[in-house]
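Text of run38.txt, listed as compact mmCIF, C-alpha atoms:
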# COMPACT_ATOMS: atom_id res chain seq x y z
CA MET A 2 -11.24 9.37 -30.56
CA ASP A 3 -9.45 9.77 -33.88
CA LEU A 4 -8.63 13.36 -34.91
CA THR A 5 -7.08 12.49 -38.26
CA GLY A 6 -7.51 15.34 -40.72
CA LYS A 7 -8.72 17.85 -38.13
CA THR A 8 -6.98 21.20 -37.69
CA ILE A 9 -6.71 22.38 -34.10
CA ILE A 10 -5.39 25.51 -32.39
CA VAL A 11 -4.20 25.08 -28.79
CA THR A 12 -3.36 28.23 -26.83
CA GLY A 13 -0.93 28.28 -23.93
CA ALA A 14 0.71 25.26 -25.54
CA SER A 15 4.35 25.67 -24.49
CA SER A 16 4.02 24.16 -21.03
CA GLY A 17 1.99 22.02 -18.68
CA ILE A 18 -1.59 21.20 -19.60
CA GLY A 19 -1.49 23.01 -22.95
CA ARG A 20 1.63 21.15 -24.03
CA ALA A 21 0.07 17.83 -23.03
CA ILE A 22 -3.09 18.63 -25.01
CA ALA A 23 -1.16 19.66 -28.13
CA LEU A 24 0.92 16.47 -28.10
CA ARG A 25 -2.04 14.21 -27.30
CA PHE A 26 -4.03 15.70 -30.17
CA ALA A 27 -1.09 15.38 -32.57
CA ARG A 28 -0.70 11.71 -31.66
CA ALA A 29 -4.42 11.28 -32.39
CA GLY A 30 -3.81 12.49 -35.95
CA ALA A 31 -4.66 16.19 -35.72
CA ARG A 32 -2.74 18.97 -37.44
CA VAL A 33 -1.88 21.12 -34.43
CA VAL A 34 -1.10 24.81 -34.32
CA ALA A 35 0.47 25.31 -30.90
CA VAL A 36 0.23 28.90 -29.69
CA ASP A 37 1.96 30.70 -26.85
CA ILE A 38 3.55 34.02 -25.98
CA THR A 39 6.88 32.20 -25.49
CA GLU A 40 8.57 29.02 -26.67
CA ALA A 41 10.20 28.56 -23.27
CA VAL A 42 8.97 25.56 -21.31
CA VAL A 43 7.95 26.51 -17.80
CA GLU A 44 7.06 22.93 -17.01
CA GLY A 45 6.51 19.77 -19.02
CA GLY A 46 9.66 18.77 -20.93
CA ALA A 47 11.29 19.67 -24.25
CA PRO A 48 9.94 22.61 -26.30
CA VAL A 49 6.60 21.76 -27.87
CA ALA A 50 7.57 22.89 -31.38
CA GLY A 51 10.20 20.20 -31.78
CA ALA A 52 8.08 17.53 -30.12
CA LEU A 53 5.15 18.28 -32.45
CA SER A 54 7.37 18.31 -35.52
CA GLU A 55 8.65 14.85 -34.65
CA ILE A 56 5.08 13.57 -34.72
CA ASP A 57 4.21 15.32 -38.00
CA PRO A 58 6.15 18.09 -39.77
CA ALA A 59 2.81 19.74 -40.65
CA ASN A 60 2.35 20.69 -37.00
CA ARG A 61 3.60 24.14 -36.10
CA PHE A 62 4.25 26.61 -33.32
CA ARG A 63 3.11 30.24 -33.46
CA ARG A 64 4.17 32.97 -31.06
CA VAL A 65 0.96 34.96 -30.49
CA ASP A 66 -0.32 37.35 -27.83
CA VAL A 67 -3.85 35.99 -27.42
CA THR A 68 -4.94 39.17 -25.62
CA ASP A 69 -4.47 41.14 -28.86
CA ALA A 70 -7.44 41.03 -31.24
CA ALA A 71 -5.44 41.68 -34.42
CA SER A 72 -2.92 38.94 -33.63
CA VAL A 73 -5.69 36.46 -32.87
CA GLY A 74 -7.47 37.32 -36.11
CA GLU A 75 -4.28 36.78 -38.09
CA LEU A 76 -3.70 33.43 -36.37
CA VAL A 77 -7.14 32.10 -37.24
CA ALA A 78 -7.02 33.43 -40.81
CA GLU A 79 -3.57 31.92 -41.41
CA THR A 80 -4.62 28.55 -39.98
CA ALA A 81 -7.76 28.38 -42.13
CA ARG A 82 -5.87 29.49 -45.22
CA ASP A 83 -3.07 26.95 -44.79
CA PHE A 84 -5.17 23.97 -43.73
CA GLY A 85 -8.53 24.69 -45.33
CA ARG A 86 -10.55 25.01 -42.12
CA LEU A 87 -10.37 25.24 -38.33
CA ASP A 88 -12.02 22.28 -36.65
CA VAL A 89 -11.23 22.85 -32.98
CA LEU A 90 -10.03 25.70 -30.78
CA VAL A 91 -8.68 24.84 -27.34
CA ASN A 92 -8.60 27.90 -25.06
CA ASN A 93 -6.00 26.90 -22.50
CA ALA A 94 -3.81 30.00 -21.99
CA ALA A 95 -4.06 31.23 -18.40
CA ILE A 96 -2.08 32.74 -15.55
CA GLY A 97 -2.41 32.47 -11.80
CA SER A 98 -2.85 35.19 -9.19
CA PRO A 99 -2.04 34.24 -5.58
CA PHE A 100 -3.80 37.18 -3.97
CA ALA A 101 -7.03 37.65 -2.03
CA LEU A 102 -9.35 40.54 -2.93
CA VAL A 103 -7.76 43.27 -0.81
CA GLU A 104 -4.25 42.35 -1.98
CA THR A 105 -5.27 42.26 -5.67
CA ASP A 106 -4.31 45.59 -7.19
CA GLU A 107 -5.91 46.90 -10.36
CA ALA A 108 -2.94 46.04 -12.58
CA GLN A 109 -2.96 42.41 -11.43
CA TRP A 110 -6.74 42.18 -11.88
CA ASP A 111 -6.47 43.52 -15.43
CA ARG A 112 -3.63 41.17 -16.31
CA VAL A 113 -5.49 38.08 -15.11
CA MET A 114 -8.72 39.09 -16.83
CA ASN A 115 -6.88 39.82 -20.06
CA VAL A 116 -5.19 36.43 -20.26
CA ASN A 117 -7.78 34.21 -18.60
CA LEU A 118 -11.00 35.76 -19.89
CA LYS A 119 -10.50 38.34 -22.62
CA ALA A 120 -8.30 35.95 -24.59
CA VAL A 121 -11.02 33.28 -24.48
CA TYR A 122 -13.48 35.85 -25.83
CA LEU A 123 -11.13 37.02 -28.59
CA CYS A 124 -10.06 33.55 -29.70
CA SER A 125 -13.60 32.16 -29.56
CA ARG A 126 -14.99 35.11 -31.50
CA ALA A 127 -12.41 34.74 -34.27
CA ALA A 128 -12.78 30.95 -34.38
CA ILE A 129 -16.56 30.99 -34.55
CA ALA A 130 -16.54 33.64 -37.28
CA GLN A 131 -14.39 31.23 -39.31
CA MET A 132 -16.39 28.12 -38.39
CA LEU A 133 -19.74 29.60 -39.40
CA GLY A 134 -18.62 29.60 -43.02
CA GLN A 135 -17.38 26.01 -42.99
CA GLU A 136 -19.02 22.84 -44.22
CA ILE A 137 -20.74 20.67 -41.61
CA VAL A 138 -18.70 17.51 -40.98
CA ASN A 139 -20.15 14.81 -38.73
CA GLU A 140 -22.77 17.24 -37.43
CA ALA A 141 -20.31 19.99 -36.54
CA ARG A 142 -18.89 23.05 -38.24
CA GLY A 143 -16.40 23.37 -35.43
CA ARG A 144 -15.74 22.88 -31.75
CA ILE A 145 -14.39 24.93 -28.88
CA VAL A 146 -12.90 23.33 -25.78
CA ASN A 147 -12.22 25.74 -22.93
CA ILE A 148 -10.00 24.89 -19.99
CA SER A 149 -11.82 26.18 -16.93
CA SER A 150 -11.21 25.02 -13.34
CA GLN A 151 -13.02 23.64 -10.34
CA HIS A 152 -12.24 27.08 -8.92
CA GLY A 153 -14.70 28.50 -11.39
CA MET A 154 -17.39 26.81 -9.31
CA VAL A 155 -16.05 26.97 -5.76
CA ALA A 156 -13.82 29.47 -3.98
CA ALA A 157 -10.15 29.60 -4.90
CA PRO A 158 -8.51 30.28 -1.51
CA GLY A 159 -6.29 33.35 -1.76
CA ALA A 160 -6.69 33.58 -5.55
CA PHE A 161 -9.55 36.01 -6.09
CA ALA A 162 -8.94 37.19 -9.66
CA TYR A 163 -8.10 33.69 -10.88
CA GLY A 164 -11.32 32.22 -9.49
CA VAL A 165 -13.46 35.00 -10.92
CA SER A 166 -11.82 34.60 -14.34
CA LYS A 167 -12.45 30.87 -14.41
CA ALA A 168 -16.09 31.37 -13.37
CA GLY A 169 -16.32 33.62 -16.41
CA VAL A 170 -14.94 30.85 -18.61
CA VAL A 171 -17.60 28.43 -17.30
CA TYR A 172 -20.33 30.94 -18.09
CA MET A 173 -18.90 31.79 -21.50
CA THR A 174 -18.85 28.08 -22.38
CA ARG A 175 -22.58 27.78 -21.73
CA GLN A 176 -23.44 31.01 -23.51
CA ILE A 177 -21.51 30.08 -26.66
CA ALA A 178 -23.03 26.61 -26.62
CA ALA A 179 -26.56 27.96 -26.37
CA ASP A 180 -26.07 30.71 -28.94
CA TYR A 181 -24.46 28.59 -31.66
CA ALA A 182 -25.76 25.03 -31.23
CA ASP A 183 -28.35 25.50 -33.97
CA ARG A 184 -25.52 26.45 -36.31
CA HIS A 185 -23.61 23.27 -35.56
CA ILE A 186 -20.90 24.73 -33.35
CA ILE A 187 -20.16 22.77 -30.19
CA CYS A 188 -18.63 24.35 -27.09
CA ASN A 189 -17.60 22.56 -23.91
CA ALA A 190 -15.06 22.97 -21.12
CA VAL A 191 -12.75 20.82 -19.05
CA ALA A 192 -12.45 21.79 -15.37
CA PRO A 193 -9.22 20.46 -13.88
CA GLY A 194 -8.70 19.95 -10.20
CA LYS A 195 -5.17 20.04 -8.81
CA ILE A 196 -2.87 19.12 -11.69
CA VAL A 197 0.82 18.63 -10.92
CA THR A 198 2.78 20.04 -13.84
CA GLY A 199 6.16 20.64 -12.24
CA LYS A 200 5.60 24.39 -12.06
CA GLY A 201 7.34 26.07 -9.17
CA GLY A 202 6.14 28.86 -6.90
CA ARG A 203 2.99 28.89 -4.83
CA PRO A 204 1.22 25.99 -6.63
CA SER A 205 3.93 23.60 -5.45
CA GLU A 206 4.33 24.93 -1.92
CA PRO A 207 3.82 22.21 0.76
CA GLU A 208 0.70 23.77 2.29
CA VAL A 209 -0.95 24.14 -1.12
CA MET A 210 -0.15 20.56 -2.06
CA GLU A 211 -1.44 19.29 1.29
CA TYR A 212 -4.67 21.29 0.89
CA SER A 213 -5.17 19.78 -2.57
CA ARG A 214 -4.51 16.24 -1.35
CA SER A 215 -6.98 16.73 1.49
CA ARG A 216 -9.67 17.86 -0.97
CA THR A 217 -9.08 15.06 -3.53
CA PRO A 218 -10.75 11.71 -2.75
CA MET A 219 -8.67 9.75 -5.26
CA PRO A 220 -5.25 8.63 -3.98
CA ARG A 221 -3.23 10.88 -6.28
CA LEU A 222 -3.32 14.36 -7.74
CA GLY A 223 -3.89 14.97 -11.42
CA LYS A 224 -1.44 14.88 -14.31
CA PRO A 225 -1.52 17.03 -17.46
CA ASP A 226 -2.40 13.99 -19.56
CA ASP A 227 -5.54 13.44 -17.47
CA VAL A 228 -6.81 16.80 -18.73
CA ALA A 229 -5.57 16.11 -22.26
CA GLY A 230 -7.61 12.90 -22.41
CA ALA A 231 -10.80 14.70 -21.45
CA ALA A 232 -10.09 17.48 -23.95
CA LEU A 233 -9.48 14.86 -26.63
CA PHE A 234 -12.91 13.34 -26.00
CA LEU A 235 -14.67 16.71 -26.22
CA ALA A 236 -12.76 17.58 -29.40
CA SER A 237 -13.67 14.31 -31.07
CA ASP A 238 -16.73 13.16 -32.98
CA GLU A 239 -17.57 10.92 -30.01
CA ALA A 240 -18.89 14.03 -28.22
CA ARG A 241 -21.17 15.20 -31.02
CA TYR A 242 -24.31 15.54 -28.82
CA ILE A 243 -22.62 17.20 -25.84
CA THR A 244 -22.49 20.98 -25.64
CA GLY A 245 -22.41 23.52 -22.82
CA HIS A 246 -20.86 20.96 -20.48
CA ASN A 247 -18.09 21.62 -17.95
CA LEU A 248 -16.33 18.27 -17.53
CA LEU A 249 -14.65 17.86 -14.14
CA VAL A 250 -11.23 16.21 -14.15
CA ASP A 251 -10.59 16.58 -10.44
CA GLY A 252 -10.24 13.17 -8.82
CA GLY A 253 -13.57 13.69 -7.07
CA TRP A 254 -12.73 17.15 -5.60
CA MET A 255 -16.18 18.56 -6.36
CA ALA A 256 -17.96 15.38 -5.24
CA ALA A 257 -16.54 15.44 -1.72
The structure in this file should be written as structure tokens.
Amino acid sequence: MDLTGKTIIVTGASSGIGRAIALRFARAGARVVAVDITEAVVEGGAPVAGALSEIDPANRFRRVDVTDAASVGELVAETARDFGRLDVLVNNAAIGSPFALVETDEAQWDRVMNVNLKAVYLCSRAAIAQMLGQEIVNEARGRIVNISSQHGMVAAPGAFAYGVSKAGVVYMTRQIAADYADRHIICNAVAPGKIVTGKGGRPSEPEVMEYSRSRTPMPRLGKPDDVAGAALFLASDEARYITGHNLLVDGGWMAA
């Protein structure tokens, strides 16, 4: 799963899963453009910009609001101009919403949909527009890897907007795959189960952790690098005949 020479944008890359993906891809030889609204690390270690630069000075960090179409367009255009092409987009940026339907006000609904769903649409649209004009390399003009969730397929207790947004990501993955497969663009998703990133708040509350352990057949919860490994596979040439797939990285959550 060598990514040498490939140029990859990873959104939501400052912390947690996104940070792990950016670093894993960089170690696999990719030129990584790490994107986030902030450089601050919510969870996951030292700032990603410095960590990426230590691997290869060509890697970079860009502060971008991925819910803004103009900013996303500039990001993709700059990346293609500087590196010659865009090989992979990883749509990872997302926020949580610990509210059931009745407690979810309109402002919270809009915020979650903007970050978790609209941003995937905007980034994918800009990336595919760029990829369609690129040369085919190893049967692909480009790849998209979306980070969905098992809660895009089953209920997310007390997290209505989040679950709906992730269901939208699962659907969007399949639609993009079907629409652009004949033009050599590959689109898949990784669906994490409970991933322990060190983030505080409701995700780390004892009852939430206990619920996740009770739902996970394997004897541990997930780590960010578990998701990064799956994303690496889907971004690599090893996955050249896989598209429209939602790869579960959940310790057996959905099998139980």
For a test of reading the model, state the distance in Å between atom CA of A:Arg144 and atom CA of A:Pro58, rounded to one decimal. 23.8 Å
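Atom CA of A:Ser15 lies 15.5 Å from atom CA of A:Glu55.
Each of A:Lys167, A:Arg216, A:Arg28, A:Arg63 was compared to A:Val121 using all atoms listed in the file, and A:Lys167 turns out to be the nearest.
Distances to A:Ala21 were evaluated for A:Pro225, A:Gly134, A:Pro220, A:Gly253 using all atoms listed in the file, and the minimum falls at A:Pro225.
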Non-local contacts of A:Val250 (8 Å; only C-alpha atoms; under 4 positions in same chain excluded) as a PyMOL selection string: chain A and resi 191-194+223+227-228+231
Write out the residues from the selection above, keeping C-alpha atoms, as a JSON list (two decimals), in the coordinates of the input.
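File written: selection-v9.json
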[["chain", "number", "residue", "atom", "x", "y", "z"],
["A", 191, "VAL", "CA", -12.75, 20.82, -19.05],
["A", 192, "ALA", "CA", -12.45, 21.79, -15.37],
["A", 193, "PRO", "CA", -9.22, 20.46, -13.88],
["A", 194, "GLY", "CA", -8.70, 19.95, -10.20],
["A", 223, "GLY", "CA", -3.89, 14.97, -11.42],
["A", 227, "ASP", "CA", -5.54, 13.44, -17.47],
["A", 228, "VAL", "CA", -6.81, 16.80, -18.73],
["A", 231, "ALA", "CA", -10.80, 14.70, -21.45]]
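Shortest separation to A:Met219 among A:Ile22, A:Met255, A:Ser237, A:Gly245 occurs at residue A:Met255, atoms counted being all atoms listed in the file.
Using only C-alpha atoms, the contacts of A:Gln131 at a cut-off of 10 Å, with sequence neighbours closer than 3 positions omitted, comprise Gly74, Val77, Ala78, Ala81, Arg86, Leu87, Asp88, Ser125, Arg126, Ala127, Ala128, Gly134, Gln135, Arg142 and Gly143 of chain A.
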For the selection you just gave me, I'd like the residues written to a file as an mmCIF file, keeping the file's coordinate frame, keeping C-alpha atoms.
data_model
loop_
_atom_site.group_PDB
_atom_site.id
_atom_site.type_symbol
_atom_site.label_atom_id
_atom_site.label_comp_id
_atom_site.auth_asym_id
_atom_site.auth_seq_id
_atom_site.Cartn_x
_atom_site.Cartn_y
_atom_site.Cartn_z
ATOM 1 C CA GLY A 74 -7.470 37.320 -36.110
ATOM 2 C CA VAL A 77 -7.140 32.100 -37.240
ATOM 3 C CA ALA A 78 -7.020 33.430 -40.810
ATOM 4 C CA ALA A 81 -7.760 28.380 -42.130
ATOM 5 C CA ARG A 86 -10.550 25.010 -42.120
ATOM 6 C CA LEU A 87 -10.370 25.240 -38.330
ATOM 7 C CA ASP A 88 -12.020 22.280 -36.650
ATOM 8 C CA SER A 125 -13.600 32.160 -29.560
ATOM 9 C CA ARG A 126 -14.990 35.110 -31.500
ATOM 10 C CA ALA A 127 -12.410 34.740 -34.270
ATOM 11 C CA ALA A 128 -12.780 30.950 -34.380
ATOM 12 C CA GLY A 134 -18.620 29.600 -43.020
ATOM 13 C CA GLN A 135 -17.380 26.010 -42.990
ATOM 14 C CA ARG A 142 -18.890 23.050 -38.240
ATOM 15 C CA GLY A 143 -16.400 23.370 -35.430
#
